[in-house]
Amino acid sequence: MNTHEANQKERNNNKFRFSIDRGGTFTDIYAEVPGKPHNRVVKLLSVDPGNYDDAPREGIRRILEEVTGRKIPKNAVETQDIEWIRMGTTIATNALLERKGERMAFVTTRGFLDVLEIGNQARPDIFDLAIKKPELLYDRVVEINERVQIINNYNHKDMEMPSNVVEGVTGEKVVVLQAVDVEEVKRKLEEVYNEGIRSIAVALLHSYTFKDHEHQIGDIAKAIGFTQISLSSELMPMVRLVPRGQTACVDAYLTPLIKKYLQGFTSGFDSNIDKVNISFMMSDGGLCPMQSFNGFRSIVSGPAGGVVGYAMTTWNPDTHQPIIGFDMGGTSTDVSRYAGTYEHVFDTQIAGVTIQAPQLDINTVAAGGGSCLKFSNGLFLAGPESSGAHPGPTCYRKGGPLSITDANLLLGRLLPEFFPKIFGKTEDQGLDLQATQDAFHNLTQEINAYYGSHSDKDHRPLSVDEVACGFLRVANETMCRPIRSLTEAKGYDSSTHILSCFGGAGGQHACAIARQLGMKTVFIHRYAGILSAYGLGLADLVVETQEPWAQVYTAQNLQGILLKVEELKTRAAHRLREQSNAPHILIHHEVFLNLRYEGTDTAMMTLQSNDSDFEATFVREYKREYGFILQGRRIVVDDLRVRAVGTLGKITLHNIGKKDTATPQTYALTYFEGLGRHKTPVYTLETLGAGSTLEGPCIIIDKTSTIIVEKDCRAQVSEYGDIYIQVGEQAPTSVSTALNVIQLSVFSHRFMSIAEQMGRTLQRTAVSTNIKERLDFSCALFGPSGDLVANAPHLPVHLGAMQDAVRWQIRHLGDTWKENEVLLSNHPAAGGSHLPDMTVITPVYRDGKPVFYVASRGHHADIGGISPGSMPPFSKSLVEEGAAIQSFKLVKDGSFQEEGVTQLLMAPGKLPSHVSEHPISGTRILPDNISDLKAQVAANQKGVTLVGELIHHYGLEVVHAYMHHVQTNAETAVRDMLKSLSESHNLKEVDTLTAQDYMDDGSVIALRLTIDRRDGSAIFDFTGTEQEVLGNTNAPRAVTMSAVIYSLRCLVKKSIPLNQGHVPVSSSHRCRGRRQCFDEPKSDGCDIECSQSFGSVSRLHEQLYLWRRNYWVLRNHCWRCWCWTYLGWSPRHSSSHDQHSHHRC
């Protein structure tokens, strides 16, 4: 018995219940109605002004008219027969994406005018040279002359407490440095009001704990006449000004729009509409009354209904088997996880805006039925571009591009005779199979021609069916990546989950996705095509209360925490009863403490257990997700959160009747990998009864979706019309070492996925702001000789640089590097970039030999030196910049060598005073260094595990072969780009371009780029670059190589893996200038200045068109925005700066 069954309640059979999902393109309506059949399903265009004003209201009207037989006017819909209306909507999401919200102003503390514009400096695509910043939500900023300060260190007897200290909500001491000037606020807000702005967002420094100033400003704004006032301290009182301020802006931007929509929606009903229970789905998966629905909690209102739908219909409280929700639509696919409770995140970025609010943890990937299929640089690509609803896929008869829908149609997985005939100029024609076949035929010829000319061996031409099936495999791999992020990256095993599929296109890929992830069961609900609407009928009314806290978690403090929790529970229950108009509603509470280790920034919302031992739960969950715990660290409580859940009436289940046998309606000639074209039985869902069992391969057709049951799978229909598919074991497809273009695309995804999952692990596990928020880290996979295989697109200055570090260690240690030993290095002579970038390297062993290496490089905030932080301005040798480590076994015999690495990090402070005119210190934040190094070890271990799984599945020989194939493919793409560049700018067959840039001190960075169009090769010759300087604006060889690789990757402008194939060093890179090429490095604290210059002179295409404009893009945005703090140190060598001091003084 599942949760849905257990929660069924008696309903008033004379009343209608409407559950509505208003999407951007279509509106789905599921209605429970009096009599039989017990329900109706309606699908309408969300916007059709020629036929109706509002799609949800029109759907309600049509169902009422059909069932009652009464004529109902469009703008006076009767309500006496309606019990409730529940709705999820993407109105707010679309308005945010399209920037069509309300005009508003942002009010903040003076001096923080541009804090939201600066944001967190994240760049979604680091290879995009035409950077487009997200449009700001506010029209103007109002700076208020107010300031408060958190007081933390008044425990010493010799320190006097200021007189104007107050206690904040969290218990922290706050001193008011500058009170609010009421007249100033009034004058400034009146100016805003007179400009026609009626909505404001207020976010002041430290207002999460000290709310008084925001309340004062809110009261003044209300008196002036502002109609929407969003105070960050009331919406989500959490630490961090940027996300809190952006959340307030989102609320002020969207709430007025939502109110206008609600007013328009209700205006078309009769005068009794206020007696109908109307509620809306919030982003956290709970319902709220229409009057409480606001902007910042509505962002994923639509998808949330689908999560509730699959959770309530698939979850079995007896088995507790976790579920992955797989919602595949037209343009994207949403994946989520449910294991008895909804999983929430509190920082979500949508349309370039960070929203700090509880939202269901839904990962979206740009792969859906409309995802465009392309062949580019030897790779099969599915998405991220989409054909959309217009023009749509090729088969939609509007001249659209080939899409995933076309591939399914060509392979016989979509059947035109069962698809609505709504296409063509007269909108009465079916899918155009012939157009799809012609387009795939042309694409197949292009693919075969490409590999015929690029392959050294005889290349077997692919058939049209193989090409289409190959694109589906690549699309499936793309959609598996977010599922792995939700499971494997968080310490869960994907194969233990049920795959719950819904959305219009999900059923076509369900078995393939499940098999690829090792899942044994697929669940497809009877109303999978409209599950986001159906799920609204299963949702509960939810009220959340949350308050910030600032105490160490102890047994003594827990008593006060639980007392405060009881206060929050009472408050939440009172609001819930008020909103539901049901004094006796059944309420249960979920209590969370937002806990983190002291000194870290990784907080976890920890659910109260039966024994209220939050600490034990936190430690267990932390270890599961990150692989270790921080011994000796106290646990801090950041927030108290209570979620009050009120159970309302739910949709009623109806049996469909038993029917053991099933008769195919027809047969289709469908293509399956390994089978070829196969005569496949086709069933319609409405003709199947409870107990019907179907052996794959077969096809099940529903009104809103198509389900493919693959070979060795068995489908069974439940008593409620749902479908359970048991996914059987399938003999692994034999993959040879010879190049297969489809496998090449699959392996490209798998290699990159390994590096990305390592990055996610590192970001979540690290404690420092540099890694967690500034994302100053990189993770990569390397071959047995240290060649780069895949580098996730993390930080430009790291891209391609780490391979020098891996190779150096392989040469340096040789056979003394044993299995289960993890190395640490940061020395520029050993392949380092600058010293705060600590590189941790782990070998992957197989049969006693290293077959791969994984590495992570992260920027540590301090490693000693003459000044805290990075890039001391007066350093002249690396000895002044901190701890330098050429090679240290950080993990040995499975044990983390904390004592040894502590000695290395503290060593600079023990140097004799004569080595520098400035005092030199060891690291000032040793606990953070240790924690971040452990995080890097954990990230590497994730990589080791994933590489091991890949080898286990395909075999080492095959994985190594495709490692080389992927590298060769990248090299081919770069060579083709260079040929094209040479031809498009009318260069000679072998031609040389030159460029120079200058450092701030006048030093020359010179480059001669020779392009040979005959083979697409290039030589980067830095002869003429000046020698090292007496200062810290030098860069090691690894940084130069990184700049070259980054520049080439930007020029390719296509989605290809970043690896050693971009620069075969033996033939394409000459390093003659002393500035960037030295064996024993000098001070390299400012190596980023050199890398900027190397990058700019390396991009010779900028000379060919608008050099200066694009040069400044790279110089000022690509590098500096990612790397702005540097430091490092090294013992003095014989070739020190002192020998060259006569050159630079």
# chains A, B, ... in the order shown; residues from 1 in each chain; ligands from 1

$ closest_atom_pairs --of "region 643-749 of chain A" --to "region 486-505 of chain A" --cutoff "8 Å" --atoms "only C-alpha atoms" --output "tab-separated table"
residue	atom	partner	partner_atom	distance
A:Thr704	CA	A:Gly504	CA	6.3
A:Ser705	CA	A:Gly504	CA	5.1
A:Thr706	CA	A:Ala505	CA	7.3

$ write_last_selection --atoms "N, CA and C atoms" --output "mmCIF file, in the first residue's frame"
data_model
loop_
_atom_site.group_PDB
_atom_site.id
_atom_site.type_symbol
_atom_site.label_atom_id
_atom_site.label_comp_id
_atom_site.auth_asym_id
_atom_site.auth_seq_id
_atom_site.Cartn_x
_atom_site.Cartn_y
_atom_site.Cartn_z
ATOM 1 N N THR A 704 -1.536 10.880 -23.828
ATOM 2 C CA THR A 704 -0.577 11.974 -23.671
ATOM 3 C C THR A 704 0.882 11.522 -23.722
ATOM 4 N N SER A 705 1.147 10.234 -23.918
ATOM 5 C CA SER A 705 2.545 9.786 -23.926
ATOM 6 C C SER A 705 2.666 8.414 -24.586
ATOM 7 N N THR A 706 3.901 8.068 -24.926
ATOM 8 C CA THR A 706 4.244 6.761 -25.488
ATOM 9 C C THR A 706 5.292 6.111 -24.595
#

$ residues_around --residues "region 982-993 of chain A" --least-positions-apart "5" --cutoff "6 Å" --atoms "only C-alpha atoms" --output "list in words"
Arg1008, Leu1009, Thr1010, Ile1011, Asp1012 and Arg1013 of chain A

$ write_last_selection --atoms "N, CA, C and O atoms" --output "short mmCIF file (atom, residue, chain, number, x, y, z; two decimals), in the first residue's frame"
data_model
loop_
_atom_site.label_atom_id
_atom_site.label_comp_id
_atom_site.auth_asym_id
_atom_site.auth_seq_id
_atom_site.Cartn_x
_atom_site.Cartn_y
_atom_site.Cartn_z
N ARG A 1008 54.91 35.12 -31.36
CA ARG A 1008 54.85 34.87 -32.80
C ARG A 1008 54.04 33.59 -32.99
O ARG A 1008 54.44 32.54 -32.52
N LEU A 1009 52.92 33.71 -33.66
CA LEU A 1009 52.05 32.56 -33.91
C LEU A 1009 52.15 32.18 -35.37
O LEU A 1009 51.74 32.94 -36.25
N THR A 1010 52.67 31.00 -35.62
CA THR A 1010 52.82 30.49 -36.99
C THR A 1010 51.78 29.40 -37.22
O THR A 1010 51.77 28.38 -36.52
N ILE A 1011 50.89 29.64 -38.18
CA ILE A 1011 49.83 28.69 -38.51
C ILE A 1011 50.16 28.03 -39.84
O ILE A 1011 50.40 28.70 -40.85
N ASP A 1012 50.18 26.70 -39.82
CA ASP A 1012 50.41 25.91 -41.03
C ASP A 1012 49.09 25.29 -41.45
O ASP A 1012 48.59 24.36 -40.82
N ARG A 1013 48.50 25.85 -42.51
CA ARG A 1013 47.18 25.42 -42.94
C ARG A 1013 47.19 24.01 -43.52
O ARG A 1013 46.15 23.34 -43.59
#

$ residues_around --residues "region 938-951 of chain A" --least-positions-apart "4" --cutoff "10 Å" --atoms "only C-alpha atoms" --output "compact mmCIF listing (two decimals) with N, CA, C and O atoms, in the first residue's frame"
# COMPACT_ATOMS: atom_id res chain seq x y z
N GLU A 488 24.97 9.67 -6.76
CA GLU A 488 26.34 9.28 -6.51
C GLU A 488 27.17 10.41 -5.90
O GLU A 488 28.02 10.19 -5.04
N ALA A 489 26.93 11.66 -6.36
CA ALA A 489 27.70 12.78 -5.83
C ALA A 489 27.35 13.09 -4.38
O ALA A 489 28.07 13.83 -3.71
N GLY A 491 26.59 10.47 -2.20
CA GLY A 491 26.81 9.26 -1.42
C GLY A 491 25.73 8.22 -1.53
O GLY A 491 25.71 7.26 -0.77
N TYR A 626 29.91 13.48 2.46
CA TYR A 626 31.26 13.97 2.20
C TYR A 626 32.35 12.95 2.44
O TYR A 626 33.51 13.19 2.07
N GLY A 627 32.02 11.84 3.08
CA GLY A 627 33.00 10.77 3.24
C GLY A 627 33.86 10.88 4.48
O GLY A 627 34.67 10.00 4.75
N PHE A 628 33.73 11.94 5.27
CA PHE A 628 34.52 12.09 6.49
C PHE A 628 33.81 13.07 7.41
O PHE A 628 32.84 13.72 7.03
N PHE A 747 31.62 8.36 -24.34
CA PHE A 747 32.80 8.44 -23.47
C PHE A 747 33.16 9.89 -23.16
O PHE A 747 33.65 10.19 -22.06
N ARG A 750 31.09 10.66 -20.28
CA ARG A 750 31.47 9.96 -19.07
C ARG A 750 32.74 10.53 -18.46
O ARG A 750 32.84 10.70 -17.24
N PHE A 751 33.74 10.83 -19.29
CA PHE A 751 34.97 11.42 -18.78
C PHE A 751 34.70 12.78 -18.13
O PHE A 751 35.18 13.08 -17.04
N SER A 753 31.89 13.86 -16.96
CA SER A 753 31.05 13.68 -15.78
C SER A 753 31.90 13.34 -14.56
O SER A 753 31.60 13.78 -13.44
N ILE A 754 32.97 12.58 -14.74
CA ILE A 754 33.85 12.25 -13.63
C ILE A 754 34.47 13.52 -13.04
O ILE A 754 34.45 13.74 -11.82
N ALA A 755 35.00 14.37 -13.91
CA ALA A 755 35.61 15.61 -13.43
C ALA A 755 34.58 16.52 -12.77
O ALA A 755 34.86 17.17 -11.75
N GLU A 756 33.36 16.58 -13.33
CA GLU A 756 32.33 17.43 -12.76
C GLU A 756 31.89 16.94 -11.39
O GLU A 756 31.69 17.75 -10.47
N GLN A 757 31.72 15.62 -11.23
CA GLN A 757 31.31 15.10 -9.93
C GLN A 757 32.40 15.30 -8.89
O GLN A 757 32.11 15.54 -7.71
N MET A 758 33.65 15.20 -9.29
CA MET A 758 34.73 15.53 -8.36
C MET A 758 34.60 16.99 -7.91
O MET A 758 34.76 17.30 -6.73
N GLY A 759 34.31 17.87 -8.86
CA GLY A 759 34.17 19.29 -8.53
C GLY A 759 33.04 19.55 -7.56
O GLY A 759 33.17 20.36 -6.64
N ARG A 760 31.91 18.87 -7.78
CA ARG A 760 30.78 19.06 -6.86
C ARG A 760 31.14 18.58 -5.46
O ARG A 760 30.75 19.21 -4.46
N THR A 761 31.82 17.46 -5.39
CA THR A 761 32.23 16.95 -4.09
C THR A 761 33.17 17.94 -3.38
O THR A 761 33.01 18.22 -2.19
N LEU A 762 34.12 18.48 -4.13
CA LEU A 762 35.06 19.42 -3.53
C LEU A 762 34.35 20.69 -3.07
O LEU A 762 34.59 21.19 -1.96
N GLN A 763 33.48 21.22 -3.89
CA GLN A 763 32.79 22.46 -3.53
C GLN A 763 31.94 22.28 -2.28
O GLN A 763 31.91 23.14 -1.40
N ARG A 764 31.26 21.16 -2.18
CA ARG A 764 30.38 20.94 -1.04
C ARG A 764 31.16 20.60 0.23
O ARG A 764 30.71 20.89 1.34
N THR A 765 32.35 20.00 0.08
CA THR A 765 33.09 19.53 1.22
C THR A 765 34.04 20.56 1.80
O THR A 765 34.34 20.56 3.00
N ALA A 766 34.53 21.47 0.97
CA ALA A 766 35.52 22.44 1.42
C ALA A 766 34.90 23.42 2.41
O ALA A 766 33.69 23.60 2.47
N CYS A 779 39.09 20.37 -11.11
CA CYS A 779 39.27 18.92 -10.97
C CYS A 779 39.46 18.32 -12.35
O CYS A 779 38.87 18.80 -13.33
N ALA A 780 40.28 17.27 -12.42
CA ALA A 780 40.60 16.74 -13.74
C ALA A 780 40.97 15.26 -13.66
O ALA A 780 41.31 14.74 -12.60
N LEU A 781 40.89 14.63 -14.83
CA LEU A 781 41.25 13.22 -15.01
C LEU A 781 42.43 13.15 -15.98
O LEU A 781 42.43 13.84 -17.01
N ASN A 820 47.19 3.80 -3.09
CA ASN A 820 46.60 4.41 -1.89
C ASN A 820 47.45 5.53 -1.30
O ASN A 820 47.24 5.94 -0.16
N VAL A 822 48.43 9.50 -1.71
CA VAL A 822 47.93 10.74 -2.30
C VAL A 822 49.00 11.81 -2.12
O VAL A 822 49.50 12.01 -1.00
N VAL A 840 46.30 18.27 -5.25
CA VAL A 840 46.27 16.95 -4.63
C VAL A 840 46.05 15.92 -5.73
O VAL A 840 45.11 16.05 -6.53
N ILE A 841 46.93 14.91 -5.80
CA ILE A 841 46.92 13.95 -6.91
C ILE A 841 46.80 12.54 -6.35
O ILE A 841 47.52 12.17 -5.41
N THR A 842 45.90 11.76 -6.94
CA THR A 842 45.66 10.38 -6.51
C THR A 842 45.74 9.45 -7.71
O THR A 842 45.07 9.69 -8.72
N PRO A 843 46.54 8.39 -7.64
CA PRO A 843 46.59 7.43 -8.75
C PRO A 843 45.42 6.46 -8.69
O PRO A 843 44.90 6.15 -7.61
N VAL A 844 45.01 5.98 -9.85
CA VAL A 844 43.98 4.93 -9.95
C VAL A 844 44.70 3.66 -10.37
O VAL A 844 45.23 3.59 -11.49
N TYR A 845 44.72 2.69 -9.49
CA TYR A 845 45.48 1.46 -9.75
C TYR A 845 44.58 0.35 -10.30
O TYR A 845 43.40 0.26 -9.97
N ARG A 846 45.16 -0.47 -11.13
CA ARG A 846 44.49 -1.67 -11.65
C ARG A 846 45.56 -2.74 -11.82
O ARG A 846 46.55 -2.53 -12.52
N VAL A 851 46.80 3.28 -13.75
CA VAL A 851 46.21 3.32 -15.10
C VAL A 851 45.58 4.68 -15.40
O VAL A 851 45.35 5.02 -16.56
N PHE A 852 45.28 5.44 -14.37
CA PHE A 852 44.78 6.81 -14.50
C PHE A 852 45.25 7.59 -13.27
O PHE A 852 45.70 7.01 -12.28
N TYR A 853 45.12 8.90 -13.36
CA TYR A 853 45.34 9.77 -12.21
C TYR A 853 44.18 10.76 -12.13
O TYR A 853 43.65 11.18 -13.17
N VAL A 854 43.79 11.12 -10.92
CA VAL A 854 42.81 12.19 -10.73
C VAL A 854 43.47 13.24 -9.85
O VAL A 854 44.30 12.92 -8.98
N ALA A 855 43.11 14.49 -10.09
CA ALA A 855 43.73 15.58 -9.33
C ALA A 855 42.74 16.70 -9.11
O ALA A 855 41.83 16.92 -9.92
N SER A 856 42.93 17.40 -8.00
CA SER A 856 42.12 18.58 -7.70
C SER A 856 43.05 19.69 -7.24
O SER A 856 43.99 19.45 -6.48
N ASP A 932 40.32 21.83 3.94
CA ASP A 932 40.24 21.90 2.49
C ASP A 932 41.08 20.82 1.83
O ASP A 932 40.69 20.27 0.78
N LEU A 933 42.21 20.48 2.42
CA LEU A 933 43.01 19.38 1.87
C LEU A 933 42.27 18.05 2.00
O LEU A 933 42.30 17.21 1.09
N LYS A 934 41.58 17.85 3.11
CA LYS A 934 40.77 16.64 3.25
C LYS A 934 39.64 16.62 2.23
O LYS A 934 39.27 15.56 1.71
N GLY A 955 36.01 -2.38 -19.44
CA GLY A 955 37.33 -2.97 -19.55
C GLY A 955 38.39 -1.90 -19.73
O GLY A 955 38.17 -0.89 -20.40
N LEU A 956 39.58 -2.13 -19.14
CA LEU A 956 40.64 -1.14 -19.16
C LEU A 956 41.10 -0.82 -20.58
O LEU A 956 41.34 0.34 -20.93
N GLU A 957 41.23 -1.83 -21.41
CA GLU A 957 41.73 -1.61 -22.76
C GLU A 957 40.82 -0.67 -23.55
O GLU A 957 41.29 0.24 -24.25
N VAL A 958 39.51 -0.86 -23.40
CA VAL A 958 38.55 -0.02 -24.12
C VAL A 958 38.57 1.41 -23.58
O VAL A 958 38.57 2.39 -24.33
N VAL A 959 38.62 1.55 -22.24
CA VAL A 959 38.63 2.89 -21.65
C VAL A 959 39.88 3.65 -22.07
O VAL A 959 39.82 4.83 -22.42
N HIS A 960 41.03 2.97 -22.07
CA HIS A 960 42.26 3.62 -22.53
C HIS A 960 42.17 4.00 -24.01
O HIS A 960 42.63 5.08 -24.42

$ closest_residue --among "A:Val522, A:Ala935, A:Leu517, A:Leu177" --to "Lys623 (chain A)" --atoms "only C-alpha atoms"
A:Ala935

$ residues_around --residues "Gly330 (chain A)" --least-positions-apart "3" --cutoff "8 Å" --atoms "only C-alpha atoms" --output "list in words"
Gly368, Gly369, Gly370, Ser371, Gly388, Ala389, Gly504 and Ala505 of chain A

$ write_last_selection --atoms "C-alpha atoms" --output "PDB file, in the first residue's frame"
ATOM      1  CA  GLY A 368      14.058  17.176 -23.965  1.00  0.00           C
ATOM      2  CA  GLY A 369      11.985  16.010 -26.897  1.00  0.00           C
ATOM      3  CA  GLY A 370      12.764  19.223 -28.758  1.00  0.00           C
ATOM      4  CA  SER A 371      16.535  19.185 -28.125  1.00  0.00           C
ATOM      5  CA  GLY A 388      10.817  24.715 -29.091  1.00  0.00           C
ATOM      6  CA  ALA A 389       7.126  24.650 -29.927  1.00  0.00           C
ATOM      7  CA  GLY A 504       5.309  13.810 -22.378  1.00  0.00           C
ATOM      8  CA  ALA A 505       8.598  12.223 -23.526  1.00  0.00           C
TER       9      ALA A 505
END

$ select_by_dssp --residues "region 303-467 of chain A" --states "strand (DSSP E or B)" --output "PyMOL selection string"
chain A and resi 323-328+333-338+342+344-350+353-360+363-365+371-376+379-386+403+423+429

$ atom_distance --atom1 "CA of Val619 (chain A)" --atom2 "CA of Leu241 (chain A)"
28.2 Å
